[in-house]
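Q: Supplied structure: query_15.cif, mmCIF, C-alpha atoms; chains and numbers go by the auth columns.
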data_run
loop_
_atom_site.group_PDB
_atom_site.id
_atom_site.type_symbol
_atom_site.label_atom_id
_atom_site.label_comp_id
_atom_site.label_asym_id
_atom_site.label_seq_id
_atom_site.Cartn_x
_atom_site.Cartn_y
_atom_site.Cartn_z
_atom_site.B_iso_or_equiv
_atom_site.auth_seq_id
_atom_site.auth_asym_id
ATOM 1 C CA MET A 1 47.832 -83.544 -11.516 0.00 445 T
ATOM 2 C CA ASN A 2 45.772 -81.172 -9.522 0.00 446 T
ATOM 3 C CA ALA A 3 47.463 -78.446 -7.420 0.00 447 T
ATOM 4 C CA PRO A 4 47.214 -78.901 -3.653 0.00 448 T
ATOM 5 C CA LEU A 5 44.393 -76.990 -1.945 0.00 449 T
ATOM 6 C CA GLU A 6 45.451 -74.013 0.099 0.00 450 T
ATOM 7 C CA ALA A 7 43.730 -73.022 3.304 0.00 451 T
ATOM 8 C CA PRO A 8 41.710 -69.759 3.045 0.00 452 T
ATOM 9 C CA PRO A 9 43.420 -66.760 4.636 0.00 453 T
ATOM 10 C CA GLN A 10 42.426 -66.154 8.274 0.00 454 T
ATOM 11 C CA PRO A 11 41.099 -62.658 9.202 0.00 455 T
ATOM 12 C CA ALA A 12 43.471 -60.503 11.194 0.00 456 T
ATOM 13 C CA SER A 13 42.724 -60.647 14.904 0.00 457 T
ATOM 14 C CA ALA A 14 41.371 -57.434 16.531 0.00 458 T
ATOM 15 C CA PRO A 15 43.785 -55.596 18.789 0.00 459 T
ATOM 16 C CA PRO A 16 43.167 -56.141 22.459 0.00 460 T
ATOM 17 C CA PRO A 17 40.810 -53.522 23.943 0.00 461 T
ATOM 18 C CA ARG A 18 43.038 -52.774 26.914 0.00 462 T
ATOM 19 C CA ARG A 19 44.802 -49.892 25.246 0.00 463 T
ATOM 20 C CA GLY A 20 41.523 -48.093 24.436 0.00 464 T
ATOM 21 C CA VAL A 21 40.256 -48.558 27.986 0.00 465 T
ATOM 22 C CA ARG A 22 43.464 -47.121 29.373 0.00 466 T
ATOM 23 C CA LEU A 23 43.230 -44.110 27.093 0.00 467 T
ATOM 24 C CA LEU A 24 39.610 -43.466 28.120 0.00 468 T
ATOM 25 C CA ALA A 25 40.413 -43.777 31.841 0.00 469 T
ATOM 26 C CA GLY A 26 43.347 -41.411 31.496 0.00 470 T
ATOM 27 C CA LEU A 27 41.172 -38.910 29.661 0.00 471 T
ATOM 28 C CA LEU A 28 38.526 -39.017 32.409 0.00 472 T
ATOM 29 C CA VAL A 29 41.135 -38.540 35.135 0.00 473 T
ATOM 30 C CA THR A 30 42.573 -35.559 33.254 0.00 474 T
ATOM 31 C CA VAL A 31 39.133 -33.956 32.903 0.00 475 T
ATOM 32 C CA VAL A 32 38.379 -34.445 36.612 0.00 476 T
ATOM 33 C CA LEU A 33 41.710 -32.911 37.601 0.00 477 T
ATOM 34 C CA LEU A 34 41.135 -29.929 35.317 0.00 478 T
ATOM 35 C CA VAL A 35 37.649 -29.311 36.750 0.00 479 T
ATOM 36 C CA VAL A 36 38.827 -29.575 40.361 0.00 480 T
ATOM 37 C CA GLY A 37 41.821 -27.360 39.650 0.00 481 T
ATOM 38 C CA ALA A 38 39.649 -24.757 37.950 0.00 482 T
ATOM 39 C CA ARG A 39 37.231 -24.629 40.887 0.00 483 T
ATOM 40 C CA LEU A 40 40.079 -24.302 43.384 0.00 484 T
ATOM 41 C CA ALA A 41 41.698 -21.566 41.316 0.00 485 T
ATOM 42 C CA TRP A 42 38.389 -19.677 40.989 0.00 486 T
ATOM 43 C CA SER A 43 37.692 -19.888 44.714 0.00 487 T
ATOM 44 C CA TRP A 44 41.179 -18.500 45.362 0.00 488 T
ATOM 45 C CA LEU A 45 41.091 -15.771 42.707 0.00 489 T
ATOM 46 C CA ASN A 46 37.373 -14.899 42.932 0.00 490 T
ATOM 47 C CA PRO A 47 37.180 -11.187 43.894 0.00 491 T
ATOM 48 C CA PHE A 48 33.580 -11.644 45.080 0.00 492 T
ATOM 49 C CA GLY A 49 34.295 -14.519 47.429 0.00 493 T
ATOM 50 C CA GLU A 50 33.614 -14.049 51.125 0.00 494 T
ATOM 51 C CA THR A 51 35.134 -15.539 54.232 0.00 495 T
ATOM 52 C CA THR A 52 33.632 -15.425 57.706 0.00 496 T
ATOM 53 C CA VAL A 53 35.815 -14.626 60.713 0.00 497 T
ATOM 54 C CA ASP A 54 34.281 -14.496 64.192 0.00 498 T
ATOM 55 C CA ARG A 55 36.121 -11.787 66.147 0.00 499 T
ATOM 56 C CA SER A 56 33.568 -11.557 68.957 0.00 500 T
ATOM 57 C CA GLN A 57 34.899 -11.096 72.468 0.00 501 T
ATOM 58 C CA PRO A 58 34.016 -13.533 75.273 0.00 502 T
ATOM 59 C CA ALA A 59 30.796 -12.852 77.162 0.00 503 T
ATOM 60 C CA LEU A 60 31.256 -10.786 80.308 0.00 504 T
ATOM 61 C CA LEU A 61 29.321 -11.408 83.513 0.00 505 T
ATOM 62 C CA GLU A 62 27.849 -8.057 84.538 0.00 506 T
ATOM 63 C CA SER A 63 25.747 -9.011 87.541 0.00 507 T
ATOM 64 C CA ILE A 64 24.124 -11.881 89.437 0.00 508 T
ATOM 65 C CA HIS A 65 20.693 -11.649 91.062 0.00 509 T
ATOM 66 C CA ASN A 66 19.321 -14.069 93.606 0.00 510 T
ATOM 67 C CA LEU A 67 15.925 -15.333 92.506 0.00 511 T
ATOM 68 C CA SER A 68 13.197 -15.353 95.142 0.00 512 T
ATOM 69 C CA ARG A 69 10.120 -16.226 93.149 0.00 513 T
ATOM 70 C CA PHE A 70 8.226 -19.344 92.229 0.00 514 T
ATOM 71 C CA GLU A 71 7.605 -20.018 88.549 0.00 515 T
ATOM 72 C CA ALA A 72 4.072 -21.278 88.902 0.00 516 T
ATOM 73 C CA ALA A 73 2.783 -21.691 85.320 0.00 517 T
ATOM 74 C CA THR A 74 3.710 -21.177 81.691 0.00 518 T
ATOM 75 C CA GLY A 75 1.408 -20.460 78.767 0.00 519 T
ATOM 76 C CA ASN A 76 2.303 -21.061 75.138 0.00 520 T
ATOM 77 C CA PHE A 77 0.676 -18.748 72.607 0.00 521 T
ATOM 78 C CA GLN A 78 0.629 -18.197 68.852 0.00 522 T
ATOM 79 C CA VAL A 79 -0.625 -15.104 67.047 0.00 523 T
ATOM 80 C CA VAL A 80 -0.834 -14.001 63.413 0.00 524 T
ATOM 81 C CA VAL A 81 0.118 -10.349 62.929 0.00 525 T
ATOM 82 C CA ASP A 82 -1.435 -8.771 59.818 0.00 526 T
ATOM 83 C CA LEU A 83 0.429 -5.483 59.330 0.00 527 T
ATOM 84 C CA GLU A 84 -0.525 -3.267 56.401 0.00 528 T
ATOM 85 C CA LYS A 85 1.021 0.099 55.486 0.00 529 T
ATOM 86 C CA ASP A 86 -0.563 2.266 52.782 0.00 530 T
ATOM 87 C CA ALA A 87 0.430 5.537 51.168 0.00 531 T
ATOM 88 C CA ALA A 88 -2.156 8.308 51.124 0.00 532 T
ATOM 89 C CA PHE A 89 -2.106 9.097 47.398 0.00 533 T
ATOM 90 C CA LEU A 90 -0.284 6.164 45.798 0.00 534 T
ATOM 91 C CA PRO A 91 -1.567 2.700 44.865 0.00 535 T
ATOM 92 C CA ASP A 92 -0.302 -0.327 46.745 0.00 536 T
ATOM 93 C CA ALA A 93 1.631 -1.510 43.716 0.00 537 T
ATOM 94 C CA ILE A 94 3.781 1.649 43.916 0.00 538 T
ATOM 95 C CA LYS A 95 3.990 2.355 47.646 0.00 539 T
ATOM 96 C CA GLY A 96 2.691 0.142 50.410 0.00 540 T
ATOM 97 C CA SER A 97 3.197 -3.215 52.069 0.00 541 T
ATOM 98 C CA ARG A 98 1.297 -5.957 53.819 0.00 542 T
ATOM 99 C CA THR A 99 2.961 -8.622 55.949 0.00 543 T
ATOM 100 C CA LEU A 100 1.566 -11.708 57.630 0.00 544 T
ATOM 101 C CA PHE A 101 3.775 -12.705 60.550 0.00 545 T
ATOM 102 C CA VAL A 102 3.339 -15.762 62.761 0.00 546 T
ATOM 103 C CA GLY A 103 4.571 -15.096 66.295 0.00 547 T
ATOM 104 C CA ALA A 104 4.909 -17.958 68.773 0.00 548 T
ATOM 105 C CA GLY A 105 6.202 -17.793 72.309 0.00 549 T
ATOM 106 C CA GLY A 106 5.605 -18.393 75.969 0.00 550 T
ATOM 107 C CA VAL A 107 4.607 -16.318 78.977 0.00 551 T
ATOM 108 C CA ASP A 108 5.645 -17.281 82.514 0.00 552 T
ATOM 109 C CA ALA A 109 3.492 -16.576 85.543 0.00 553 T
ATOM 110 C CA TYR A 110 5.307 -16.304 88.876 0.00 554 T
ATOM 111 C CA VAL A 111 4.723 -15.424 92.531 0.00 555 T
ATOM 112 C CA ASP A 112 7.317 -13.107 94.067 0.00 556 T
ATOM 113 C CA PHE A 113 8.442 -14.188 97.557 0.00 557 T
ATOM 114 C CA GLY A 114 11.104 -11.485 97.813 0.00 558 T
ATOM 115 C CA GLY A 115 8.818 -8.708 99.051 0.00 559 T
ATOM 116 C CA LEU A 116 6.898 -10.605 101.720 0.00 560 T
ATOM 117 C CA ALA A 117 6.219 -8.665 104.916 0.00 561 T
ATOM 118 C CA SER A 118 7.261 -9.899 108.327 0.00 562 T
ATOM 119 C CA GLY A 119 3.693 -10.959 109.131 0.00 563 T
ATOM 120 C CA ALA A 120 3.232 -12.987 105.947 0.00 564 T
ATOM 121 C CA LEU A 121 3.704 -16.227 107.882 0.00 565 T
ATOM 122 C CA THR A 122 1.687 -16.937 111.034 0.00 566 T
ATOM 123 C CA VAL A 123 2.196 -20.120 113.043 0.00 567 T
ATOM 124 C CA SER A 124 -0.080 -21.270 115.893 0.00 568 T
ATOM 125 C CA PRO A 125 1.461 -21.854 119.355 0.00 569 T
ATOM 126 C CA ASP A 126 1.056 -25.608 119.039 0.00 570 T
ATOM 127 C CA ARG A 127 2.737 -25.480 115.600 0.00 571 T
ATOM 128 C CA LYS A 128 -0.122 -27.375 113.986 0.00 572 T
ATOM 129 C CA GLN A 129 -1.628 -24.509 112.007 0.00 573 T
ATOM 130 C CA VAL A 130 0.037 -22.053 109.666 0.00 574 T
ATOM 131 C CA THR A 131 -1.240 -19.177 107.549 0.00 575 T
ATOM 132 C CA VAL A 132 0.691 -17.812 104.563 0.00 576 T
ATOM 133 C CA ARG A 133 -0.197 -14.489 102.935 0.00 577 T
ATOM 134 C CA LEU A 134 1.112 -13.996 99.402 0.00 578 T
ATOM 135 C CA PRO A 135 0.808 -11.507 96.562 0.00 579 T
ATOM 136 C CA HIS A 136 -1.015 -12.669 93.459 0.00 580 T
ATOM 137 C CA ALA A 137 0.897 -14.088 90.551 0.00 581 T
ATOM 138 C CA GLN A 138 2.411 -11.780 87.961 0.00 582 T
ATOM 139 C CA LEU A 139 3.146 -12.223 84.258 0.00 583 T
ATOM 140 C CA GLU A 140 6.624 -12.171 82.848 0.00 584 T
ATOM 141 C CA LYS A 141 7.363 -10.475 79.538 0.00 585 T
ATOM 142 C CA PRO A 142 6.510 -12.704 76.541 0.00 586 T
ATOM 143 C CA ASN A 143 9.431 -14.671 75.213 0.00 587 T
ATOM 144 C CA LEU A 144 9.119 -15.178 71.454 0.00 588 T
ATOM 145 C CA ASP A 145 10.606 -18.339 69.987 0.00 589 T
ATOM 146 C CA ASN A 146 12.677 -17.345 66.950 0.00 590 T
ATOM 147 C CA LYS A 147 12.524 -20.871 65.551 0.00 591 T
ATOM 148 C CA ARG A 148 8.709 -20.849 65.474 0.00 592 T
ATOM 149 C CA SER A 149 8.203 -17.182 64.511 0.00 593 T
ATOM 150 C CA TYR A 150 8.404 -16.318 60.830 0.00 594 T
ATOM 151 C CA VAL A 151 7.022 -14.185 57.998 0.00 595 T
ATOM 152 C CA PHE A 152 4.248 -16.185 56.370 0.00 596 T
ATOM 153 C CA ALA A 153 3.522 -13.889 53.401 0.00 597 T
ATOM 154 C CA GLN A 154 4.528 -10.422 52.267 0.00 598 T
ATOM 155 C CA GLN A 155 3.466 -7.986 49.554 0.00 599 T
ATOM 156 C CA ARG A 156 5.460 -4.845 48.829 0.00 600 T
ATOM 157 C CA GLY A 157 5.167 -1.957 46.416 0.00 601 T
ATOM 158 C CA LEU A 158 7.852 -0.925 43.963 0.00 602 T
ATOM 159 C CA PHE A 159 9.240 1.853 46.159 0.00 603 T
ATOM 160 C CA ASP A 160 9.395 -0.459 49.164 0.00 604 T
ATOM 161 C CA ARG A 161 11.352 -3.032 47.207 0.00 605 T
ATOM 162 C CA VAL A 162 13.856 -0.413 46.066 0.00 606 T
ATOM 163 C CA GLU A 163 14.140 0.943 49.601 0.00 607 T
ATOM 164 C CA ASP A 164 14.826 -2.522 50.999 0.00 608 T
ATOM 165 C CA PHE A 165 17.413 -3.116 48.281 0.00 609 T
ATOM 166 C CA LEU A 166 19.280 0.082 49.179 0.00 610 T
ATOM 167 C CA SER A 167 18.870 -0.272 52.930 0.00 611 T
ATOM 168 C CA SER A 168 21.642 -1.677 55.092 0.00 612 T
ATOM 169 C CA SER A 169 19.105 -3.776 57.006 0.00 613 T
ATOM 170 C CA PRO A 170 16.331 -4.716 54.567 0.00 614 T
ATOM 171 C CA GLY A 171 13.167 -6.339 55.833 0.00 615 T
ATOM 172 C CA ASP A 172 13.491 -5.147 59.422 0.00 616 T
ATOM 173 C CA GLN A 173 11.151 -7.305 61.502 0.00 617 T
ATOM 174 C CA GLN A 174 11.491 -5.497 64.823 0.00 618 T
ATOM 175 C CA GLU A 175 8.048 -3.925 64.513 0.00 619 T
ATOM 176 C CA LEU A 176 6.499 -7.319 63.790 0.00 620 T
ATOM 177 C CA TYR A 177 8.103 -8.868 66.855 0.00 621 T
ATOM 178 C CA THR A 178 6.961 -5.950 69.029 0.00 622 T
ATOM 179 C CA LEU A 179 3.360 -6.283 67.851 0.00 623 T
ATOM 180 C CA ALA A 180 3.436 -10.062 68.348 0.00 624 T
ATOM 181 C CA GLU A 181 4.735 -9.656 71.903 0.00 625 T
ATOM 182 C CA LYS A 182 2.004 -7.134 72.720 0.00 626 T
ATOM 183 C CA LYS A 183 -0.755 -9.356 71.344 0.00 627 T
ATOM 184 C CA ILE A 184 0.586 -12.384 73.210 0.00 628 T
ATOM 185 C CA ALA A 185 0.787 -10.377 76.449 0.00 629 T
ATOM 186 C CA ASP A 186 -2.844 -9.298 76.009 0.00 630 T
ATOM 187 C CA ALA A 187 -3.890 -12.886 75.375 0.00 631 T
ATOM 188 C CA ALA A 188 -2.036 -14.052 78.488 0.00 632 T
ATOM 189 C CA ARG A 189 -3.813 -11.460 80.656 0.00 633 T
ATOM 190 C CA ALA A 190 -7.178 -12.494 79.234 0.00 634 T
ATOM 191 C CA SER A 191 -6.525 -16.184 79.893 0.00 635 T
ATOM 192 C CA ASP A 192 -6.672 -18.104 83.177 0.00 636 T
ATOM 193 C CA LEU A 193 -2.874 -18.220 83.416 0.00 637 T
ATOM 194 C CA LEU A 194 -2.716 -16.016 86.545 0.00 638 T
ATOM 195 C CA ALA A 195 -5.435 -18.007 88.306 0.00 639 T
ATOM 196 C CA ARG A 196 -3.645 -21.234 87.420 0.00 640 T
ATOM 197 C CA ALA A 197 -0.385 -19.843 88.818 0.00 641 T
ATOM 198 C CA ASP A 198 -2.083 -18.877 92.114 0.00 642 T
ATOM 199 C CA GLN A 199 -3.552 -22.349 92.446 0.00 643 T
ATOM 200 C CA ASN A 200 -0.253 -24.065 91.632 0.00 644 T
ATOM 201 C CA THR A 201 1.537 -21.932 94.234 0.00 645 T
ATOM 202 C CA LYS A 202 -1.081 -22.791 96.845 0.00 646 T
ATOM 203 C CA THR A 203 -0.778 -26.509 96.082 0.00 647 T
ATOM 204 C CA MET A 204 3.021 -26.341 96.292 0.00 648 T
ATOM 205 C CA LEU A 205 2.991 -24.614 99.704 0.00 649 T
ATOM 206 C CA GLN A 206 0.387 -26.969 101.097 0.00 650 T
ATOM 207 C CA GLY A 207 2.457 -29.966 100.120 0.00 651 T
ATOM 208 C CA MET A 208 5.699 -28.482 101.459 0.00 652 T
ATOM 209 C CA LEU A 209 4.259 -27.275 104.780 0.00 653 T
ATOM 210 C CA GLY A 210 2.308 -30.485 105.209 0.00 654 T
ATOM 211 C CA GLY A 211 5.573 -32.369 104.951 0.00 655 T
ATOM 212 C CA LEU A 212 6.906 -30.227 107.824 0.00 656 T
ATOM 213 C CA GLY A 213 4.130 -31.480 110.120 0.00 657 T
ATOM 214 C CA PHE A 214 1.484 -28.756 109.884 0.00 658 T
ATOM 215 C CA GLU A 215 -2.052 -30.127 109.976 0.00 659 T
ATOM 216 C CA LYS A 216 -4.004 -27.053 108.871 0.00 660 T
ATOM 217 C CA ILE A 217 -2.485 -24.890 106.153 0.00 661 T
ATOM 218 C CA THR A 218 -4.133 -21.687 104.956 0.00 662 T
ATOM 219 C CA VAL A 219 -2.800 -19.829 101.926 0.00 663 T
ATOM 220 C CA GLU A 220 -4.226 -16.354 101.385 0.00 664 T
ATOM 221 C CA PHE A 221 -3.589 -14.010 98.481 0.00 665 T
ATOM 222 C CA ALA A 222 -3.624 -10.235 98.776 0.00 666 T
ATOM 223 C CA ALA A 223 -6.548 -8.341 97.264 0.00 667 T
ATOM 224 C CA GLN A 224 -6.109 -7.299 93.668 0.00 668 T
ATOM 225 C CA PRO A 225 -5.024 -3.631 93.365 0.00 669 T
#
For this file, produce the structure as structure tokens.
A:
Amino acid sequence: MNAPLEAPPQPASAPPPRRGVRLLAGLLVTVVLLVVGARLAWSWLNPFGETTVDRSQPALLESIHNLSRFEAATGNFQVVVDLEKDAAFLPDAIKGSRTLFVGAGGVDAYVDFGGLASGALTVSPDRKQVTVRLPHAQLEKPNLDNKRSYVFAQQRGLFDRVEDFLSSSPGDQQELYTLAEKKIADAARASDLLARADQNTKTMLQGMLGGLGFEKITVEFAAQP
């Protein structure tokens, strides 16, 4: 009689993967905590770390001036300053610099009403005609826009680099700003900005006095000095 057949042994089932996933997640959390803790500890113990504290005092009002002038026109200008400094007996690679600086800003043209003489305004007996005598427009100091003014390119010799490294205020740009302001002021004087300001002032007065009922309005400007 034949022996009964036995079923083949079944392979052992694999352990559920949940335990391995939990171990991996715990390991990642531990690594993240160690990294964050190390960065916080370094920022606290770092001897080279810096903190910024603003101890500035509130702004003080020193004076108030009443304005008596008409801002008649504004010109926007841009200039490229090419400033080169060379040493007499040294090559540029050792001593010397060249800087390209883009300066951008505006110039206001205004007519000053504060110094008008008593006879600057003449009105006819019937109050239909009026004559106004004004000084010509003047130019305000150029106002450079720091957001649009910048160093475009710069070349410096070895000594200049060392000097900037040791200086308390390396790369001083005051000279560049001064040159840009001068060039912009020259360009404003050479333009038609003053003539435009005179015309705008004349148009403004004609409209204002016409609204007051004057039929003939004459605006005269003093002779140029």
Q: Quick one: 8 Å padding each side, axis-aligned, all listed atoms of range 628-642 of chain T - centre and edge lengths in Å to one decimal, as lines of an AutoDock Vina configuration file?
A:
center_x = -3.2
center_y = -15.3
center_z = 82.7
size_x = 24.0
size_y = 27.9
size_z = 34.9
Q: Hey, can you check how far CA of Arg640 in chain T sits from CA of Arg513 in chain T?
A: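 For CA of Arg640 in chain T relative to CA of Arg513 in chain T, the distance reads 15.7 Å.
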Q: Name all residues at most 8 Å from Phe557 in chain T (count all atoms listed in the file; drop same-chain ones fewer than 4 positions away) and give them as number ranges by chain.
A: T: 512-514, 578
Q: With all atoms listed in the file as the basis for distance, which of T:Pro502, T:Pro569, T:Gly563, T:Gly547 is at the shortest distance from Phe658 in chain T?
A: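 Between T:Pro502, T:Pro569, T:Gly563, T:Gly547, the residue approaching Phe658 in chain T most closely is T:Pro569.
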Q: Run the PyMOL selection byres ((chain T and resi 632) around 12) on the file and write out the hits as JSON, numbers by chain.
A: {"T": [517, 518, 519, 520, 521, 522, 523, 549, 550, 551, 552, 553, 582, 583, 584, 585, 586, 587, 625, 626, 627, 628, 629, 630, 631, 633, 634, 635, 636, 637, 638, 639, 640, 641]}
Q: One number please: CA of Leu623 in chain T to CA of Glu515 in chain T, in Å, one decimal.
A: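 Going from CA of Leu623 in chain T over to CA of Glu515 in chain T, I get 25.2 Å.
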Q: Quick one, how far is CA of Pro579 in chain T from CA of Ala624 in chain T?
A: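 Here the two named atoms are 28.4 Å from each other.
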Q: If the PyMOL selection byres ((chain T and resi 660) around 8) were run on this exact file, what residues would it hold? Put them as a PyMOL selection string.
A: chain T and resi 572-574+658-659+661-662
Q: Pick the closest to Arg542 in chain T from T:Leu467, T:Val473, T:Met652, T:Val525: which is it, counting all atoms listed in the file?
A: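 Ranked by minimum distance to Arg542 in chain T, first place goes to T:Val525.
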Q: Could you write out as an mmCIF file with C-alpha atoms, keeping the file's coordinate frame the residues that the PyMOL selection byres ((chain T and resi 576) around 6) matches in the shown file?
A:
data_model
loop_
_atom_site.group_PDB
_atom_site.id
_atom_site.type_symbol
_atom_site.label_atom_id
_atom_site.label_comp_id
_atom_site.auth_asym_id
_atom_site.auth_seq_id
_atom_site.Cartn_x
_atom_site.Cartn_y
_atom_site.Cartn_z
ATOM 1 C CA ALA T 564 3.232 -12.987 105.947
ATOM 2 C CA LEU T 565 3.704 -16.227 107.882
ATOM 3 C CA THR T 575 -1.240 -19.177 107.549
ATOM 4 C CA ARG T 577 -0.197 -14.489 102.935
ATOM 5 C CA VAL T 663 -2.800 -19.829 101.926
#
Q: Could you name the residues that touch Tyr594 in chain T at 12 Å or less, counting only C-alpha atoms, but leaving out those on the same chain fewer than 3 positions away, as a list in words?
A: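 Counting only C-alpha atoms, the residues come to Gln522, Val523, Val524, Val525, Thr543, Leu544, Phe545, Val546, Gly547, Ala548, Gly549, Leu588, Asp589, Asn590, Lys591, Ala597, Gln598, Gln617, Gln618, Leu620, Tyr621 and Ala624 of chain T.
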Q: Would you mind listing what lies within 6 Å of Ala581 in chain T as a list in words, with all atoms listed in the file counted and same-chain residues fewer than 6 positions away left out?
A: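 Returned residues: Tyr554, Val555, Leu638 and Asp642 of chain T.
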